[in-house]
>>> print(open('my_file_3.tsv').read())   # TSV, C-alpha atoms
chain	number	residue	atom	x	y	z
O	1	MET	CA	-80.26	176.96	141.28
O	2	ALA	CA	-80.46	173.17	140.97
O	3	TRP	CA	-83.85	173.40	139.21
O	4	ARG	CA	-82.59	176.14	136.85
O	5	GLY	CA	-79.53	174.09	135.90
O	6	LEU	CA	-81.77	171.12	135.20
O	7	ALA	CA	-83.96	173.20	132.91
O	8	GLN	CA	-80.91	174.44	130.96
O	9	ARG	CA	-79.15	171.09	130.59
O	10	GLY	CA	-82.00	168.63	130.30
O	11	TRP	CA	-84.74	170.48	128.40
O	12	GLY	CA	-82.72	172.98	126.41
O	13	CYS	CA	-85.41	175.49	125.41
O	14	GLY	CA	-86.16	177.03	128.79
O	15	GLN	CA	-89.45	175.24	129.30
O	16	ALA	CA	-91.03	175.24	132.77
O	17	TRP	CA	-90.47	172.05	134.72
O	18	ALA	CA	-92.07	170.80	137.91
O	19	PRO	CA	-90.90	167.78	139.89
O	20	PRO	CA	-93.30	164.85	139.77
O	21	ALA	CA	-94.99	163.60	142.85
O	22	GLY	CA	-92.68	161.46	144.93
O	23	GLY	CA	-89.75	162.87	142.88
O	24	ARG	CA	-86.05	162.54	143.44
O	25	SER	CA	-83.81	164.70	145.54
O	26	CYS	CA	-81.42	167.25	144.05
O	27	GLU	CA	-78.46	164.91	144.48
O	28	GLU	CA	-80.21	162.08	142.59
O	29	LEU	CA	-81.20	164.38	139.73
O	30	THR	CA	-77.66	165.74	139.48
O	31	ALA	CA	-76.27	162.20	139.27
O	32	ALA	CA	-78.81	161.32	136.60
O	33	LEU	CA	-77.84	164.36	134.52
O	34	ALA	CA	-74.19	163.34	134.70
O	35	GLN	CA	-75.07	160.28	132.57
O	36	PRO	CA	-75.75	161.70	129.06
O	37	ARG	CA	-76.63	158.30	127.64
O	38	LEU	CA	-79.81	158.19	129.76
O	39	LEU	CA	-81.19	161.51	128.53
O	40	GLY	CA	-79.09	162.58	125.54
O	41	ARG	CA	-80.11	159.86	123.08
O	42	ARG	CA	-83.73	159.88	124.25
O	43	PHE	CA	-84.35	163.60	123.96
O	44	ASN	CA	-81.70	164.74	121.48
O	45	PHE	CA	-83.91	164.43	118.40
O	46	PHE	CA	-86.84	166.08	120.19
O	47	ILE	CA	-84.74	169.00	121.38
O	48	GLN	CA	-83.20	169.64	117.91
O	49	GLN	CA	-86.56	169.69	116.17
O	50	LYS	CA	-88.06	171.85	118.91
O	51	CYS	CA	-85.23	174.37	118.80
O	52	GLY	CA	-85.23	174.67	115.00
O	53	PHE	CA	-82.09	172.67	114.08
O	54	ARG	CA	-82.19	170.86	110.73
O	55	LYS	CA	-80.27	167.93	109.40
O	56	ALA	CA	-77.49	168.81	106.94
O	57	PRO	CA	-78.49	168.13	103.30
O	58	ARG	CA	-76.96	165.11	101.71
O	59	LYS	CA	-74.32	165.76	99.06
O	60	VAL	CA	-75.14	164.61	95.54
O	61	GLU	CA	-72.45	162.28	94.34
O	62	PRO	CA	-71.14	163.03	90.83
O	63	ARG	CA	-71.82	160.53	88.13
O	64	ARG	CA	-69.10	158.04	87.35
O	65	SER	CA	-67.62	157.42	83.94
O	66	ASP	CA	-70.21	154.80	83.01
O	67	THR	CA	-73.79	154.86	84.14
O	68	GLY	CA	-75.30	151.94	85.96
O	69	THR	CA	-71.96	150.53	87.15
O	70	SER	CA	-70.07	150.96	90.36
O	71	SER	CA	-66.34	151.56	90.61
O	72	GLU	CA	-65.82	147.91	91.53
O	73	ALA	CA	-68.01	146.45	88.79
O	74	TYR	CA	-66.80	148.84	86.10
O	75	LYS	CA	-64.82	147.01	83.44
O	76	ARG	CA	-62.88	149.30	81.18
O	77	SER	CA	-61.27	148.54	77.86
O	78	ALA	CA	-57.52	148.10	77.79
O	79	LEU	CA	-57.34	150.85	75.15
O	80	ILE	CA	-58.45	153.67	77.46
O	81	PRO	CA	-56.73	155.06	80.57
O	82	PRO	CA	-57.85	154.01	84.08
O	83	VAL	CA	-60.50	156.66	84.73
O	84	GLU	CA	-62.77	154.74	87.12
O	85	GLU	CA	-62.16	157.38	89.76
O	86	THR	CA	-62.70	160.27	87.35
O	87	ALA	CA	-66.03	161.97	87.93
O	88	PHE	CA	-68.18	163.13	85.06
O	89	TYR	CA	-71.05	165.56	85.35
O	90	PRO	CA	-73.78	164.82	82.80
O	91	SER	CA	-76.12	167.69	82.12
O	92	PRO	CA	-79.76	167.30	83.22
O	93	TYR	CA	-80.59	168.27	79.62
O	94	PRO	CA	-78.19	166.04	77.63
O	95	ILE	CA	-79.40	167.24	74.22
O	96	ARG	CA	-78.15	170.74	75.03
O	97	THR	CA	-74.63	169.44	75.51
O	98	LEU	CA	-74.49	168.63	71.78
O	99	VAL	CA	-75.07	172.22	70.65
O	100	LYS	CA	-71.53	173.49	71.19
O	101	PRO	CA	-69.90	170.34	69.72
O	102	LEU	CA	-72.16	170.67	66.67
O	103	PHE	CA	-71.11	174.27	66.00
O	104	PHE	CA	-67.49	173.34	66.65
O	105	THR	CA	-67.69	170.45	64.17
O	106	VAL	CA	-69.18	172.59	61.41
O	107	GLY	CA	-66.81	175.51	62.05
O	108	PHE	CA	-63.69	173.38	62.29
O	109	THR	CA	-64.52	171.43	59.13
O	110	GLY	CA	-65.04	174.64	57.18
O	111	CYS	CA	-61.80	176.14	58.49
O	112	ALA	CA	-59.89	172.93	57.74
O	113	PHE	CA	-60.91	172.85	54.07
O	114	GLY	CA	-60.50	176.62	53.69
O	115	SER	CA	-56.99	176.46	55.15
O	116	ALA	CA	-56.17	173.50	52.90
O	117	ALA	CA	-57.26	175.46	49.82
O	118	ILE	CA	-55.04	178.41	50.80
O	119	TRP	CA	-52.18	176.04	51.63
O	120	GLN	CA	-52.44	174.46	48.18
O	121	TYR	CA	-52.42	177.91	46.55
O	122	GLU	CA	-49.27	178.91	48.42
O	123	SER	CA	-47.58	175.60	47.58
O	124	LEU	CA	-48.29	175.96	43.87
O	125	LYS	CA	-47.11	179.56	43.93
O	126	SER	CA	-43.89	178.55	45.64
O	127	ARG	CA	-43.25	175.80	43.08
O	128	VAL	CA	-43.78	178.18	40.19
O	129	GLN	CA	-41.41	180.74	41.67
O	130	SER	CA	-38.81	178.07	42.34
O	131	TYR	CA	-39.11	176.82	38.76
O	132	PHE	CA	-38.29	180.27	37.43
O	133	GLY	CA	-35.40	180.70	39.83
O	134	ILE	CA	-37.16	183.14	42.19
O	135	LYS	CA	-36.57	182.66	45.89
O	136	ALA	CA	-39.97	182.11	47.44
O	137	ASP	CA	-38.67	182.49	50.96
O	138	TRP	CA	-35.86	184.78	52.04
O	139	LEU	CA	-34.99	182.30	54.78
O	140	ASP	CA	-33.53	179.98	52.15
O	141	SER	CA	-30.57	182.32	51.72
O	142	ILE	CA	-29.63	182.23	55.40
O	143	ARG	CA	-30.61	178.66	56.18
O	144	PRO	CA	-27.54	176.67	57.33
O	145	GLN	CA	-26.39	173.82	55.15
O	146	LYS	CA	-26.68	170.32	56.52
O	147	GLU	CA	-23.39	168.90	57.69
O	148	GLY	CA	-22.39	165.58	59.18
O	149	ASP	CA	-22.97	161.99	58.11
O	150	PHE	CA	-25.95	161.51	60.42
O	151	ARG	CA	-27.89	164.48	59.05
O	152	LYS	CA	-27.03	163.44	55.50
O	153	GLU	CA	-28.42	159.97	56.15
O	154	ILE	CA	-31.61	161.43	57.58
O	155	ASN	CA	-31.94	163.73	54.58
O	156	LYS	CA	-31.39	160.81	52.22
O	157	TRP	CA	-33.98	158.70	54.03
O	158	TRP	CA	-36.48	161.57	53.97
O	159	ASN	CA	-36.03	162.18	50.25
O	160	ASN	CA	-36.62	158.50	49.50
O	161	LEU	CA	-40.06	158.62	51.13
O	162	SER	CA	-43.15	159.16	49.03
O	163	ASP	CA	-45.23	162.31	49.39
O	164	GLY	CA	-47.81	160.40	51.38
O	165	GLN	CA	-45.26	158.95	53.77
O	166	GLN	CA	-43.70	162.37	54.32
O	167	THR	CA	-47.14	163.78	55.06
O	168	VAL	CA	-48.14	161.19	57.67
O	169	THR	CA	-44.72	161.24	59.36
O	170	ASP	CA	-45.70	164.43	61.18
O	171	ILE	CA	-48.99	162.84	62.26
O	172	ILE	CA	-47.21	159.75	63.57
O	173	ALA	CA	-44.68	161.91	65.43
O	174	ALA	CA	-47.52	163.85	67.10
O	175	ASN	CA	-49.20	160.60	68.20
O	176	VAL	CA	-45.95	159.25	69.64
O	177	PHE	CA	-45.38	162.49	71.55
O	178	VAL	CA	-48.86	162.41	73.09
O	179	PHE	CA	-48.42	158.71	73.93
O	180	CYS	CA	-45.26	159.62	75.89
O	181	LEU	CA	-47.18	162.30	77.76
O	182	TRP	CA	-49.58	159.63	79.02
O	183	ARG	CA	-46.63	158.01	80.81
O	184	VAL	CA	-46.02	161.10	82.97
O	185	PRO	CA	-47.99	160.65	86.24
O	186	SER	CA	-48.25	164.37	86.99
O	187	LEU	CA	-50.02	164.97	83.65
O	188	GLN	CA	-52.74	162.34	84.07
O	189	ARG	CA	-55.51	164.76	85.03
O	190	THR	CA	-54.63	167.12	82.18
O	191	MET	CA	-54.48	164.28	79.67
O	192	ILE	CA	-57.84	162.88	80.77
O	193	ARG	CA	-59.39	166.34	80.64
O	194	TYR	CA	-58.15	167.42	77.19
O	195	PHE	CA	-57.08	164.24	75.37
O	196	THR	CA	-60.13	162.05	76.01
O	197	SER	CA	-63.55	162.95	74.66
O	198	SER	CA	-66.85	162.53	76.52
O	199	PRO	CA	-70.12	164.50	76.38
O	200	ALA	CA	-70.17	164.49	80.21
O	201	SER	CA	-66.79	166.20	80.47
O	202	LYS	CA	-66.49	169.87	81.41
O	203	VAL	CA	-64.38	170.44	78.26
O	204	LEU	CA	-66.34	169.41	75.18
O	205	CYS	CA	-64.87	170.92	72.01
O	206	SER	CA	-61.06	170.80	72.09
O	207	PRO	CA	-60.91	167.07	73.05
O	208	MET	CA	-62.80	166.28	69.85
O	209	LEU	CA	-59.62	167.18	67.95
O	210	LEU	CA	-56.91	166.43	70.51
O	211	SER	CA	-58.18	162.92	71.25
O	212	THR	CA	-57.58	162.08	67.57
O	213	PHE	CA	-53.84	162.20	68.32
O	214	SER	CA	-54.11	160.45	71.68
O	215	HIS	CA	-53.46	156.77	72.46
O	216	PHE	CA	-53.05	155.18	75.87
O	217	SER	CA	-52.29	151.65	74.65
O	218	LEU	CA	-49.12	150.95	72.70
O	219	PHE	CA	-50.87	148.27	70.65
O	220	HIS	CA	-53.70	150.67	69.80
O	221	MET	CA	-51.29	153.33	68.58
O	222	ALA	CA	-49.08	150.89	66.69
O	223	ALA	CA	-52.03	149.35	64.84
O	224	ASN	CA	-53.50	152.72	63.85
O	225	MET	CA	-50.18	154.17	62.73
O	226	TYR	CA	-49.34	151.05	60.73
O	227	VAL	CA	-52.63	151.30	58.82
O	228	LEU	CA	-52.08	155.03	58.26
O	229	TRP	CA	-48.56	154.44	56.97
O	230	SER	CA	-49.73	151.61	54.69
O	231	PHE	CA	-52.46	153.70	53.03
O	232	SER	CA	-50.62	157.03	53.07
O	233	SER	CA	-49.19	156.86	49.55
O	234	SER	CA	-52.51	155.85	48.00
O	235	ILE	CA	-54.65	158.45	49.76
O	236	VAL	CA	-52.22	161.32	49.12
O	237	ASN	CA	-51.93	160.37	45.46
O	238	VAL	CA	-55.72	160.51	45.20
O	239	LEU	CA	-56.42	163.64	47.25
O	240	GLY	CA	-53.14	165.50	47.44
O	241	GLN	CA	-51.30	166.55	50.58
O	242	GLU	CA	-53.46	169.54	51.45
O	243	GLN	CA	-56.83	167.94	50.84
O	244	PHE	CA	-55.77	164.83	52.74
O	245	MET	CA	-54.91	166.85	55.86
O	246	ALA	CA	-58.30	168.57	55.71
O	247	VAL	CA	-60.13	165.26	55.33
O	248	TYR	CA	-58.12	163.55	58.07
O	249	SER	CA	-58.55	166.26	60.72
O	250	SER	CA	-62.22	166.80	59.84
O	251	ALA	CA	-62.89	163.07	60.01
O	252	GLY	CA	-61.50	162.92	63.54
O	253	VAL	CA	-63.78	165.73	64.74
O	254	ILE	CA	-66.87	164.45	62.92
O	255	SER	CA	-66.45	160.89	64.19
O	256	ASN	CA	-66.09	162.20	67.76
O	257	PHE	CA	-69.28	164.23	67.39
O	258	VAL	CA	-71.21	161.14	66.26
O	259	SER	CA	-69.73	159.31	69.23
O	260	TYR	CA	-71.09	162.10	71.46
O	261	VAL	CA	-74.55	161.63	69.98
O	262	CYS	CA	-74.51	157.87	70.56
O	263	LYS	CA	-73.27	158.28	74.13
O	264	VAL	CA	-76.02	160.77	74.95
O	265	ALA	CA	-78.63	158.49	73.34
O	266	THR	CA	-77.49	155.39	75.25
O	267	GLY	CA	-76.50	157.13	78.50
O	268	ARG	CA	-72.99	155.67	78.41
O	269	TYR	CA	-70.61	158.54	79.07
O	270	GLY	CA	-67.32	156.65	79.13
O	271	PRO	CA	-64.32	158.49	77.64
O	272	SER	CA	-62.85	157.62	74.27
O	273	LEU	CA	-59.61	158.41	72.47
O	274	GLY	CA	-57.61	157.37	69.43
O	275	ALA	CA	-57.26	158.07	65.72
O	276	SER	CA	-59.45	155.15	64.67
O	277	GLY	CA	-62.25	157.34	63.28
O	278	ALA	CA	-59.86	159.28	61.05
O	279	ILE	CA	-58.00	156.09	60.07
O	280	MET	CA	-61.29	154.50	59.04
O	281	THR	CA	-61.97	157.49	56.80
O	282	VAL	CA	-58.62	157.01	55.06
O	283	LEU	CA	-59.19	153.28	54.66
O	284	ALA	CA	-62.75	153.72	53.37
O	285	ALA	CA	-61.71	156.44	50.93
O	286	VAL	CA	-59.00	154.24	49.39
O	287	CYS	CA	-61.28	151.20	49.26
O	288	THR	CA	-64.00	153.27	47.59
O	289	LYS	CA	-61.61	154.71	45.02
O	290	ILE	CA	-59.81	151.41	44.36
O	291	PRO	CA	-62.35	148.67	45.21
O	292	GLU	CA	-60.47	145.97	43.27
O	293	GLY	CA	-57.21	146.52	45.11
O	294	ARG	CA	-55.82	143.56	46.99
O	295	LEU	CA	-55.32	143.79	50.74
O	296	ALA	CA	-53.80	141.42	53.28
O	297	ILE	CA	-53.61	141.09	57.06
O	298	ILE	CA	-50.17	141.70	58.54
O	299	PHE	CA	-50.15	138.40	60.44
O	300	LEU	CA	-51.65	136.45	57.51
O	301	PRO	CA	-49.95	137.80	54.37
O	302	VAL	CA	-50.93	134.75	52.32
O	303	PHE	CA	-54.65	135.40	52.79
O	304	THR	CA	-55.67	138.30	50.51
O	305	PHE	CA	-59.02	139.92	49.71
O	306	THR	CA	-60.33	142.85	47.74
O	307	ALA	CA	-60.59	146.32	49.25
O	308	GLY	CA	-64.33	146.42	48.57
O	309	ASN	CA	-64.98	143.24	50.53
O	310	ALA	CA	-62.78	144.47	53.39
O	311	LEU	CA	-64.79	147.68	53.61
O	312	LYS	CA	-68.09	145.78	53.70
O	313	ALA	CA	-66.82	143.50	56.48
O	314	ILE	CA	-65.64	146.47	58.58
O	315	ILE	CA	-68.95	148.29	58.21
O	316	ALA	CA	-70.88	145.14	59.13
O	317	MET	CA	-68.73	144.54	62.22
O	318	ASP	CA	-69.06	148.12	63.49
O	319	THR	CA	-72.80	148.14	62.85
O	320	ALA	CA	-73.18	144.95	64.88
O	321	GLY	CA	-71.03	146.45	67.61
O	322	MET	CA	-73.28	149.49	67.85
O	323	ILE	CA	-76.47	147.43	67.96
O	324	LEU	CA	-75.19	144.86	70.45
O	325	GLY	CA	-73.46	147.42	72.65
O	326	TRP	CA	-69.89	146.15	72.38
O	327	LYS	CA	-67.53	148.34	74.42
O	328	PHE	CA	-64.08	147.22	73.37
O	329	PHE	CA	-63.94	149.63	70.39
O	330	GLY	CA	-65.67	152.93	69.66
O	331	HIS	CA	-67.88	151.40	66.99
O	332	ALA	CA	-69.90	154.57	66.46
O	333	ALA	CA	-66.75	156.56	65.64
O	334	HIS	CA	-65.45	153.76	63.41
O	335	LEU	CA	-68.69	153.51	61.48
O	336	GLU	CA	-68.99	157.26	61.02
O	337	GLY	CA	-65.38	157.44	59.86
O	338	ALA	CA	-66.02	154.77	57.23
O	339	LEU	CA	-69.24	156.42	56.06
O	340	PHE	CA	-67.55	159.81	55.88
O	341	GLY	CA	-64.77	158.39	53.72
O	342	ILE	CA	-67.27	156.76	51.36
O	343	GLN	CA	-69.43	159.88	51.11
O	344	TYR	CA	-66.50	162.19	50.54
O	345	MET	CA	-65.09	160.11	47.72
O	346	THR	CA	-68.56	159.72	46.20
O	347	CYS	CA	-69.84	163.29	46.32
O	348	GLY	CA	-67.93	165.33	48.90
O	349	HIS	CA	-64.93	165.91	46.67
O	350	GLU	CA	-67.14	167.37	43.95
O	351	LEU	CA	-69.25	169.36	46.38
O	352	ILE	CA	-66.52	170.81	48.62
O	353	TRP	CA	-63.07	170.72	47.10
O	354	LYS	CA	-63.97	171.64	43.52
O	355	ASN	CA	-65.93	174.65	44.74
O	356	ARG	CA	-62.98	176.24	46.52
O	357	GLU	CA	-62.27	178.64	43.64
O	358	PRO	CA	-64.10	181.70	45.11
O	359	LEU	CA	-62.10	181.46	48.33
O	360	VAL	CA	-58.83	181.08	46.42
O	361	LYS	CA	-59.66	184.12	44.29
O	362	ILE	CA	-60.29	186.23	47.37
O	363	TRP	CA	-57.00	185.10	48.87
O	364	HIS	CA	-55.16	185.75	45.58
O	365	GLU	CA	-56.51	189.30	45.42
O	366	MET	CA	-55.49	189.92	49.01
O	367	ARG	CA	-51.96	188.64	48.33
O	368	THR	CA	-51.58	190.40	44.97
O	369	ASN	CA	-53.12	193.80	45.63
O	370	GLY	CA	-52.49	194.02	49.35
O	371	PRO	CA	-54.09	196.71	51.51
O	372	LYS	CA	-55.00	199.83	49.56
O	373	LYS	CA	-53.09	202.93	50.51
O	374	GLY	CA	-54.90	206.19	51.03
O	375	GLY	CA	-58.45	206.86	52.05
O	376	GLY	CA	-60.01	207.08	48.57
O	377	SER	CA	-59.59	207.77	44.86
O	378	LYS	CA	-58.58	211.13	43.52
>>> encode(input="my_file_3.tsv", output="structure tokens")
Amino acid sequence: MAWRGLAQRGWGCGQAWAPPAGGRSCEELTAALAQPRLLGRRFNFFIQQKCGFRKAPRKVEPRRSDTGTSSEAYKRSALIPPVEETAFYPSPYPIRTLVKPLFFTVGFTGCAFGSAAIWQYESLKSRVQSYFGIKADWLDSIRPQKEGDFRKEINKWWNNLSDGQQTVTDIIAANVFVFCLWRVPSLQRTMIRYFTSSPASKVLCSPMLLSTFSHFSLFHMAANMYVLWSFSSSIVNVLGQEQFMAVYSSAGVISNFVSYVCKVATGRYGPSLGASGAIMTVLAAVCTKIPEGRLAIIFLPVFTFTAGNALKAIIAMDTAGMILGWKFFGHAAHLEGALFGIQYMTCGHELIWKNREPLVKIWHEMRTNGPKKGGGSK
């Protein structure tokens, strides 16, 4: 029984064992087996390989937000949320990750301009009906009248705003609302998932639009909204309310797609957010349309310069940022936003907006004739 117990405990696989010449007694062998450090470490590896045990496979660690940097050495910009601990999962075939964003960019841009054309048609129709005394909306008859000094003051302030300022007020309100959501700790994961854009994220398409209304830094949001408010009257006077909204939303998506392309090309998958790409489109469009206009910096109002020179300086700075790999701003998105604004004012307006007539005719026929009753003609 002592020899059988030795075979089971010491050799593990039931191999035959014979005591060596001049061997120990049963009591000595039992005492030796009671010390696992003498036999366990020496024969453990041999026994596992002999009996067919394998070492557990090593887990593959997910890729961090920026390639080539550890969590300690990673230096993020102050404009983006602290996502050092957020794991990203780049595809082994990074070019394929751009297919869905490409289709989303094309589809969203087409829908944005189509919706803007229909919106403009409905607005003009409503104005015509109101001019002739026809109620365009039956809700006007049951809508409560504004009462109270506070509501009257708000109404007076709203009516004193220009069309451009009234248009961008909703955009500014949306950005402020999303900025407040960033301050809620329980929403951090959701905000990082849907309101920051990265080609290595599991959600690719919706953040291309939602991140346009997302700011983590108060200074970042204040600067962008100030520029948007300053150029709102000029851009809406040039494009109109409906066309401006189409250009602004499309510019945000297009600039994010170009940012995706640059991140895949350079292997830097850090997240980005902000309305800077769309703001650059607005600024570039106004500077292209009114190149001799005089601009000034908010902190240096005495120092003025032409809009054309300002646009050239911005393009040069963002181009240098892309080439030199500066990480403080999303230079790829900025540059694409500026180029999109220049191209749209140069040829996009003629190519896209002035060819909306077929779509408007189809919509007019649908609204005028309505669905045909009956299965066929008599």
>>> atom_distance(input="my_file_3.tsv", atom1="CA of His215 (chain O)", atom2="CA of Val286 (chain O)")
23.9 Å
>>> residues_around(input="my_file_3.tsv", residues="region 190-194 of chain O", least_positions_apart="3", cutoff="8 Å", atoms="all atoms listed in the file", output="PyMOL selection string")
chain O and resi 81+83+181-182+187+197+201-203+206-207+210-211
>>> atom_distance(input="my_file_3.tsv", atom1="CA of Arg356 (chain O)", atom2="CA of Phe104 (chain O)")
20.8 Å
>>> closest_residue(input="my_file_3.tsv", among="O:Leu98, O:Met280, O:Leu204, O:Ala112", to="Leu311 (chain O)", atoms="only C-alpha atoms")
O:Met280
>>> axis_aligned_box(input="my_file_3.tsv", around="region 284-291 of chain O", padding_each_side="4 Å", output="JSON")
{"center_x": -61.5, "center_y": 152.6, "center_z": 48.9, "size_x": 13.0, "size_y": 15.8, "size_z": 17.0}
>>> atom_distance(input="my_file_3.tsv", atom1="CA of Ala251 (chain O)", atom2="CA of Ile298 (chain O)")
24.9 Å
>>> closest_residue(input="my_file_3.tsv", among="O:Ala285, O:Val360, O:Val261, O:Ala313", to="Ala332 (chain O)", atoms="only C-alpha atoms")
O:Val261
>>> closest_atom_pairs(input="my_file_3.tsv", of="region 158-273 of chain O", to="region 289-296 of chain O", cutoff="12 Å", atoms="all atoms listed in the file", output="JSON lines")
{"residue": "O:Val227", "atom": "CA", "partner": "O:Leu295", "partner_atom": "CA", "distance": 11.4}
{"residue": "O:Ser230", "atom": "CA", "partner": "O:Leu295", "partner_atom": "CA", "distance": 10.4}
{"residue": "O:Phe231", "atom": "CA", "partner": "O:Leu295", "partner_atom": "CA", "distance": 10.6}
{"residue": "O:Ser234", "atom": "CA", "partner": "O:Ile290", "partner_atom": "CA", "distance": 9.3}
{"residue": "O:Ile235", "atom": "CA", "partner": "O:Lys289", "partner_atom": "CA", "distance": 9.2}
{"residue": "O:Asn237", "atom": "CA", "partner": "O:Lys289", "partner_atom": "CA", "distance": 11.2}
{"residue": "O:Val238", "atom": "CA", "partner": "O:Lys289", "partner_atom": "CA", "distance": 8.3}
{"residue": "O:Leu239", "atom": "CA", "partner": "O:Lys289", "partner_atom": "CA", "distance": 10.6}
>>> residues_near_point(input="my_file_3.tsv", point="(-76.4, 158.7, 69.6)", cutoff="12 Å", atoms="all atoms listed in the file", output="VMD selection string")
chain O and resid 94 to 95 98 199 255 to 269 322 to 323 331 to 333 336
>>> write_last_selection(input="my_file_3.tsv", atoms="C-alpha atoms", output="mmCIF file, in the frame of the given file")
data_model
loop_
_atom_site.group_PDB
_atom_site.id
_atom_site.type_symbol
_atom_site.label_atom_id
_atom_site.label_comp_id
_atom_site.auth_asym_id
_atom_site.auth_seq_id
_atom_site.Cartn_x
_atom_site.Cartn_y
_atom_site.Cartn_z
ATOM 1 C CA PRO O 94 -78.190 166.040 77.630
ATOM 2 C CA ILE O 95 -79.400 167.240 74.220
ATOM 3 C CA LEU O 98 -74.490 168.630 71.780
ATOM 4 C CA PRO O 199 -70.120 164.500 76.380
ATOM 5 C CA SER O 255 -66.450 160.890 64.190
ATOM 6 C CA ASN O 256 -66.090 162.200 67.760
ATOM 7 C CA PHE O 257 -69.280 164.230 67.390
ATOM 8 C CA VAL O 258 -71.210 161.140 66.260
ATOM 9 C CA SER O 259 -69.730 159.310 69.230
ATOM 10 C CA TYR O 260 -71.090 162.100 71.460
ATOM 11 C CA VAL O 261 -74.550 161.630 69.980
ATOM 12 C CA CYS O 262 -74.510 157.870 70.560
ATOM 13 C CA LYS O 263 -73.270 158.280 74.130
ATOM 14 C CA VAL O 264 -76.020 160.770 74.950
ATOM 15 C CA ALA O 265 -78.630 158.490 73.340
ATOM 16 C CA THR O 266 -77.490 155.390 75.250
ATOM 17 C CA GLY O 267 -76.500 157.130 78.500
ATOM 18 C CA ARG O 268 -72.990 155.670 78.410
ATOM 19 C CA TYR O 269 -70.610 158.540 79.070
ATOM 20 C CA MET O 322 -73.280 149.490 67.850
ATOM 21 C CA ILE O 323 -76.470 147.430 67.960
ATOM 22 C CA HIS O 331 -67.880 151.400 66.990
ATOM 23 C CA ALA O 332 -69.900 154.570 66.460
ATOM 24 C CA ALA O 333 -66.750 156.560 65.640
ATOM 25 C CA GLU O 336 -68.990 157.260 61.020
#
>>> closest_residue(input="my_file_3.tsv", among="O:Ala174, O:Val247, O:Val282, O:Ala222", to="Thr109 (chain O)", atoms="only C-alpha atoms")
O:Val247
